[in-house]
$ cat entry02.txt   # compact mmCIF, C-alpha atoms
# COMPACT_ATOMS: atom_id res chain seq x y z
CA MET A 1 -66.73 -18.27 -70.17
CA THR A 2 -65.15 -16.06 -67.52
CA ALA A 3 -62.62 -13.45 -68.68
CA ARG A 4 -59.18 -13.39 -66.86
CA ILE A 5 -56.59 -10.67 -66.75
CA SER A 6 -52.88 -11.47 -66.74
CA VAL A 7 -51.05 -9.36 -64.13
CA ARG A 8 -47.26 -9.23 -64.31
CA GLY A 9 -45.17 -7.64 -61.63
CA PHE A 10 -47.96 -7.46 -59.02
CA ALA A 11 -46.95 -5.26 -56.04
CA VAL A 12 -45.86 -7.05 -52.83
CA ALA A 13 -47.15 -4.68 -50.18
CA SER A 14 -50.61 -5.65 -49.01
CA ALA A 15 -52.13 -2.16 -49.34
CA THR A 16 -50.79 -1.79 -52.86
CA ALA A 17 -52.03 -5.29 -53.69
CA VAL A 18 -55.63 -4.49 -52.61
CA THR A 19 -55.70 -1.25 -54.57
CA THR A 20 -54.24 -2.85 -57.67
CA VAL A 21 -56.63 -5.81 -57.59
CA GLY A 22 -59.61 -3.48 -57.16
CA ALA A 23 -58.55 -1.47 -60.18
CA VAL A 24 -58.17 -4.59 -62.27
CA VAL A 25 -61.61 -5.82 -61.28
CA GLY A 26 -63.16 -2.48 -62.23
CA VAL A 27 -61.60 -2.59 -65.67
CA ALA A 28 -62.75 -6.14 -66.19
CA SER A 29 -66.38 -5.31 -65.24
CA GLY A 30 -66.63 -2.58 -67.86
CA SER A 31 -65.38 -4.74 -70.74
CA GLN A 32 -67.33 -6.97 -73.10
CA GLN A 33 -67.31 -10.66 -72.34
CA GLY A 34 -64.62 -12.38 -74.34
CA ALA A 35 -63.18 -9.02 -75.51
CA ALA A 36 -60.93 -8.26 -72.55
CA GLU A 37 -57.33 -7.49 -73.41
CA PRO A 38 -54.43 -8.32 -71.12
CA VAL A 39 -53.45 -5.38 -68.90
CA GLU A 40 -49.92 -5.02 -67.45
CA LEU A 41 -49.46 -3.31 -64.10
CA ALA A 42 -45.89 -2.31 -63.27
CA ALA A 43 -44.52 -1.51 -59.78
CA ALA A 44 -40.97 -0.71 -58.55
CA ASP A 45 -40.93 -3.56 -56.01
CA ALA A 46 -43.15 -6.03 -57.93
CA THR A 47 -42.34 -9.73 -57.47
CA LEU A 48 -45.51 -11.69 -58.25
CA LEU A 49 -46.72 -13.19 -61.53
CA ALA A 50 -50.39 -14.25 -61.22
CA ASP A 51 -53.67 -14.57 -63.07
CA VAL A 52 -56.44 -12.82 -61.23
CA PRO A 53 -60.03 -13.90 -62.04
CA VAL A 54 -62.67 -11.23 -62.38
CA ASP A 55 -65.21 -13.10 -60.29
CA GLY A 56 -65.50 -13.31 -56.49
CA ASN A 57 -62.00 -14.89 -55.96
CA THR A 58 -60.37 -11.45 -55.78
CA GLN A 59 -60.37 -11.50 -51.94
CA VAL A 60 -58.54 -14.83 -51.91
CA GLN A 61 -55.85 -13.50 -54.24
CA THR A 62 -55.44 -10.38 -52.10
CA ALA A 63 -54.97 -12.50 -48.97
CA SER A 64 -52.33 -14.56 -50.78
CA LEU A 65 -50.41 -11.45 -51.70
CA THR A 66 -50.64 -10.18 -48.15
CA GLN A 67 -49.24 -13.48 -46.82
CA GLN A 68 -46.35 -13.34 -49.27
CA ALA A 69 -45.55 -9.79 -48.19
CA ASP A 70 -45.68 -10.82 -44.54
CA ARG A 71 -43.38 -13.78 -45.19
CA GLN A 72 -40.88 -11.55 -46.96
CA THR A 73 -41.03 -9.04 -44.11
CA ASP A 74 -40.51 -11.81 -41.54
CA ALA A 75 -37.57 -13.18 -43.52
CA ALA A 76 -36.02 -9.70 -43.72
CA ASN A 77 -36.53 -9.19 -39.98
CA ALA A 78 -35.03 -12.60 -39.21
CA GLU A 79 -31.99 -11.84 -41.37
CA ALA A 80 -31.54 -8.46 -39.72
CA GLN A 81 -31.84 -10.05 -36.27
CA LYS A 82 -29.31 -12.74 -37.21
CA SER A 83 -26.89 -10.09 -38.50
CA ALA A 84 -27.34 -8.03 -35.33
CA GLN A 85 -26.70 -11.08 -33.14
CA GLU A 86 -23.53 -11.91 -35.10
CA ASP A 87 -22.31 -8.33 -34.77
CA ALA A 88 -23.05 -8.44 -31.04
CA ARG A 89 -21.16 -11.75 -30.70
CA LYS A 90 -18.11 -10.35 -32.50
CA GLN A 91 -18.16 -7.19 -30.40
CA ALA A 92 -18.46 -9.23 -27.19
CA ALA A 93 -15.47 -11.37 -28.23
CA LYS A 94 -13.49 -8.24 -29.07
CA ASP A 95 -14.37 -6.66 -25.72
CA ALA A 96 -13.41 -9.84 -23.86
CA GLU A 97 -10.04 -9.98 -25.64
CA ALA A 98 -9.34 -6.33 -24.85
CA LYS A 99 -10.29 -6.92 -21.21
CA LYS A 100 -7.98 -9.95 -21.02
CA GLU A 101 -5.09 -8.01 -22.56
CA LYS A 102 -5.62 -5.20 -20.07
CA ALA A 103 -5.70 -7.65 -17.15
CA ASP A 104 -2.52 -9.37 -18.40
CA ARG A 105 -0.78 -6.02 -18.83
CA GLU A 106 -1.75 -4.90 -15.33
CA ALA A 107 -0.63 -8.24 -13.85
CA LYS A 108 2.73 -7.90 -15.62
CA GLU A 109 3.15 -4.36 -14.35
CA ARG A 110 2.37 -5.48 -10.80
CA GLU A 111 4.90 -8.33 -11.08
CA GLU A 112 7.58 -5.99 -12.41
CA ALA A 113 6.86 -3.48 -9.65
CA LYS A 114 7.10 -6.27 -7.08
CA LYS A 115 10.44 -7.45 -8.45
CA ALA A 116 11.77 -3.90 -8.54
CA LYS A 117 10.72 -3.39 -4.94
CA GLU A 118 12.34 -6.65 -3.85
CA ALA A 119 15.56 -5.75 -5.70
CA ARG A 120 15.59 -2.32 -4.11
CA GLU A 121 15.01 -3.75 -0.64
CA LYS A 122 17.73 -6.34 -1.21
CA ALA A 123 20.20 -3.67 -2.32
CA GLU A 124 19.35 -1.55 0.71
CA ARG A 125 19.73 -4.55 2.99
CA GLN A 126 23.10 -5.46 1.50
CA ALA A 127 24.29 -1.87 1.75
CA LYS A 128 23.30 -1.81 5.40
CA GLU A 129 25.05 -5.11 6.04
CA ARG A 130 28.20 -3.84 4.33
CA GLU A 131 28.09 -0.67 6.37
CA GLU A 132 27.70 -2.59 9.62
CA ALA A 133 30.44 -5.01 8.62
CA SER A 134 32.70 -2.10 7.73
CA LYS A 135 32.10 -0.51 11.11
CA ALA A 136 32.78 -3.81 12.86
CA ALA A 137 35.94 -4.33 10.81
CA THR A 138 37.09 -0.82 11.56
CA ARG A 139 36.61 -1.43 15.28
CA SER A 140 38.55 -4.66 15.04
CA THR A 141 41.49 -2.94 13.35
CA GLU A 142 41.75 -0.47 16.18
CA ARG A 143 43.84 -3.12 17.90
CA PRO A 144 47.43 -2.27 16.81
CA ALA A 145 49.55 -4.90 15.10
CA ALA A 146 52.25 -4.33 17.69
CA SER A 147 50.06 -6.02 20.29
CA PHE A 148 50.97 -9.33 18.72
CA PRO A 149 54.35 -10.58 19.88
CA GLN A 150 57.07 -10.29 17.24
CA GLN A 151 58.47 -13.58 15.97
CA SER A 152 61.17 -14.51 13.54
CA SER A 153 58.64 -16.56 11.55
CA TYR A 154 54.98 -17.50 11.65
CA SER A 155 53.13 -20.68 10.74
CA VAL A 156 49.98 -20.60 8.63
CA SER A 157 47.85 -21.45 11.65
CA GLU A 158 49.37 -18.57 13.61
CA VAL A 159 48.75 -16.15 10.77
CA LYS A 160 45.13 -17.30 10.48
CA ALA A 161 44.66 -16.85 14.23
CA MET A 162 45.89 -13.26 13.89
CA ALA A 163 43.46 -12.64 11.02
CA GLN A 164 40.51 -14.02 12.99
CA GLN A 165 41.25 -11.59 15.81
CA ILE A 166 41.87 -8.58 13.59
CA VAL A 167 39.14 -9.11 10.98
CA GLY A 168 36.45 -10.57 13.21
CA GLY A 169 34.20 -13.58 12.73
CA GLY A 170 31.58 -11.86 10.56
CA GLN A 171 34.04 -11.06 7.74
CA TYR A 172 36.85 -13.49 8.37
CA GLN A 173 35.70 -16.17 5.92
CA CYS A 174 35.51 -13.69 3.05
CA PHE A 175 38.94 -12.31 3.99
CA SER A 176 40.30 -15.86 4.18
CA ASN A 177 38.89 -16.74 0.74
CA ILE A 178 40.82 -13.88 -0.84
CA VAL A 179 44.09 -14.49 1.02
CA THR A 180 43.97 -18.21 0.22
CA ARG A 181 43.78 -17.46 -3.49
CA GLU A 182 46.20 -14.52 -3.49
CA SER A 183 49.05 -15.90 -1.39
CA GLY A 184 48.06 -19.21 0.19
CA TRP A 185 48.58 -17.51 3.60
CA ASN A 186 52.28 -16.98 2.87
CA TYR A 187 53.13 -13.55 4.27
CA THR A 188 56.37 -13.38 2.22
CA ALA A 189 54.76 -14.41 -1.08
CA THR A 190 56.05 -12.34 -4.00
CA ASN A 191 54.69 -12.15 -7.53
CA PRO A 192 57.75 -12.36 -9.81
CA SER A 193 56.01 -10.48 -12.61
CA SER A 194 54.29 -7.58 -10.87
CA GLY A 195 56.13 -7.43 -7.56
CA ALA A 196 52.90 -7.77 -5.52
CA TYR A 197 53.80 -8.87 -2.00
CA GLY A 198 52.45 -10.41 1.15
CA LEU A 199 49.25 -12.05 2.29
CA VAL A 200 46.98 -9.74 0.30
CA GLN A 201 49.46 -9.17 -2.56
CA ALA A 202 49.69 -5.40 -2.18
CA LEU A 203 50.86 -3.58 -5.32
CA PRO A 204 53.13 -1.82 -4.94
CA ALA A 205 54.18 -3.61 -1.79
CA SER A 206 55.33 -0.41 -0.15
CA LYS A 207 51.67 0.64 0.28
CA MET A 208 51.57 -1.51 3.40
CA SER A 209 54.00 0.83 5.15
CA SER A 210 50.98 2.96 6.03
CA ALA A 211 50.02 0.22 8.50
CA GLY A 212 53.49 -0.27 9.96
CA ALA A 213 57.17 -0.18 9.14
CA ASP A 214 57.45 -3.92 9.70
CA TRP A 215 55.10 -4.76 6.81
CA ARG A 216 57.67 -7.08 5.17
CA THR A 217 57.92 -9.48 8.11
CA ASN A 218 54.85 -8.96 10.28
CA PRO A 219 51.66 -10.74 9.13
CA ALA A 220 49.56 -8.66 11.53
CA THR A 221 50.64 -5.45 9.79
CA GLN A 222 49.75 -6.94 6.40
CA ILE A 223 46.37 -8.13 7.68
CA LYS A 224 45.60 -4.70 9.11
CA TRP A 225 46.51 -2.98 5.85
CA GLY A 226 44.58 -5.52 3.75
CA LEU A 227 41.46 -5.13 5.89
CA ASN A 228 41.58 -1.33 5.61
CA TYR A 229 42.01 -1.61 1.84
CA MET A 230 38.98 -3.93 1.48
CA ASN A 231 36.82 -1.73 3.71
CA ASN A 232 37.72 1.48 1.88
CA ARG A 233 37.43 0.10 -1.65
CA TYR A 234 34.60 -2.48 -1.35
CA GLY A 235 32.89 -1.70 1.94
CA SER A 236 34.02 -4.91 3.61
CA PRO A 237 36.01 -8.11 2.99
CA CYS A 238 32.79 -9.77 1.80
CA GLY A 239 32.26 -6.95 -0.68
CA ALA A 240 35.81 -7.50 -1.92
CA TRP A 241 35.18 -11.24 -2.16
CA GLU A 242 32.09 -10.69 -4.30
CA PHE A 243 34.16 -8.57 -6.67
CA TRP A 244 36.97 -11.12 -6.68
CA GLN A 245 34.62 -13.93 -7.67
CA ALA A 246 33.39 -11.92 -10.66
CA ASN A 247 36.83 -10.69 -11.79
CA HIS A 248 39.47 -12.92 -10.14
CA TRP A 249 41.25 -9.89 -8.82
CA TYR A 250 40.35 -7.10 -6.39
$ encode --input "entry02.txt" --output "structure tokens"
Amino acid sequence: MTARISVRGFAVASATAVTTVGAVVGVASGSQQGAAEPVELAAADATLLADVPVDGNTQVQTASLTQQADRQTDAANAEAQKSAQEDARKQAAKDAEAKKEKADREAKEREEAKKAKEAREKAERQAKEREEASKAATRSTERPAASFPQQSSYSVSEVKAMAQQIVGGGQYQCFSNIVTRESGWNYTATNPSSGAYGLVQALPASKMSSAGADWRTNPATQIKWGLNYMNNRYGSPCGAWEFWQANHWY
């Protein structure tokens, strides 16, 4: 009958396994047949419960322990690799999101800069157009109102013809839009509440005397005064018309 030794908590590492098995075999060889007592070998990382024969099968048991240790090592390495890959995937996703946010932010900044530039250029262009229109309007008003023959009364078509000559084609439509809404081209129109008078509804009406003493009866004088007022206050009749559309007064 062959004596066997019960080994609990056999060490996993292959080197430890070989040493431990050799020690067990040595103890078994020095004992009486049938008198061997079970020997417990404890190790901090022990995982194996096995019966090790005292005969020549020790090498086979050692190989088995080595294989188990290798499998555990491979499993640990695989788990570590899997964890590392997952961490790398998460970091790559985070980096991609940050890159996208940066690209979106830069695109938005470029778009805002473009809009700001376009708005600035538009404002500069409009300012230049108003300045040129104002100069043209000023030149047109250099023609004195007295150059138009005095009449006892004027038709709407005659008053409009005067305005076209005094204001000029570039600003006439804007001037006409305001006069149409203020007085309907009636050069004697009077606002019963405020006292505003004439084609452009000057308030007070006496302001128009700066353009001529005949401001009450001469449409040309009223047109000249109204044009100067629009140029000085809004840059041009079209500037005054823009303000009028927003406020319904000028």
$ closest_residue --input "entry02.txt" --among "A:Asn191, A:Ile166, A:Phe175, A:Gly226" --to "Lys207 of chain A" --atoms "all atoms listed in the file"
A:Gly226
$ closest_residue --input "entry02.txt" --among "A:Ala98, A:Ala80, A:Leu227, A:Ala196" --to "Ile178 of chain A" --atoms "only C-alpha atoms"
A:Leu227
$ atom_distance --input "entry02.txt" --atom1 "atom CA of Cys174 of chain A" --atom2 "atom CA of Ala240 of chain A"
7.9 Å
$ atom_distance --input "entry02.txt" --atom1 "atom CA of Ala161 of chain A" --atom2 "atom CA of Pro219 of chain A"
10.6 Å
$ closest_residue --input "entry02.txt" --among "A:Gln201, A:Gln61, A:Gln165, A:Ser83" --to "Phe148 of chain A" --atoms "only C-alpha atoms"
A:Gln165
$ atom_distance --input "entry02.txt" --atom1 "atom CA of Glu118 of chain A" --atom2 "atom CA of Arg130 of chain A"
18.1 Å
$ closest_residue --input "entry02.txt" --among "A:Ser194, A:Gln126, A:Gln171, A:Asn186" --to "Ser157 of chain A" --atoms "only C-alpha atoms"
A:Asn186
$ closest_residue --input "entry02.txt" --among "A:Met230, A:Gly170, A:Ala213, A:Gln81" --to "Phe243 of chain A" --atoms "only C-alpha atoms"
A:Met230
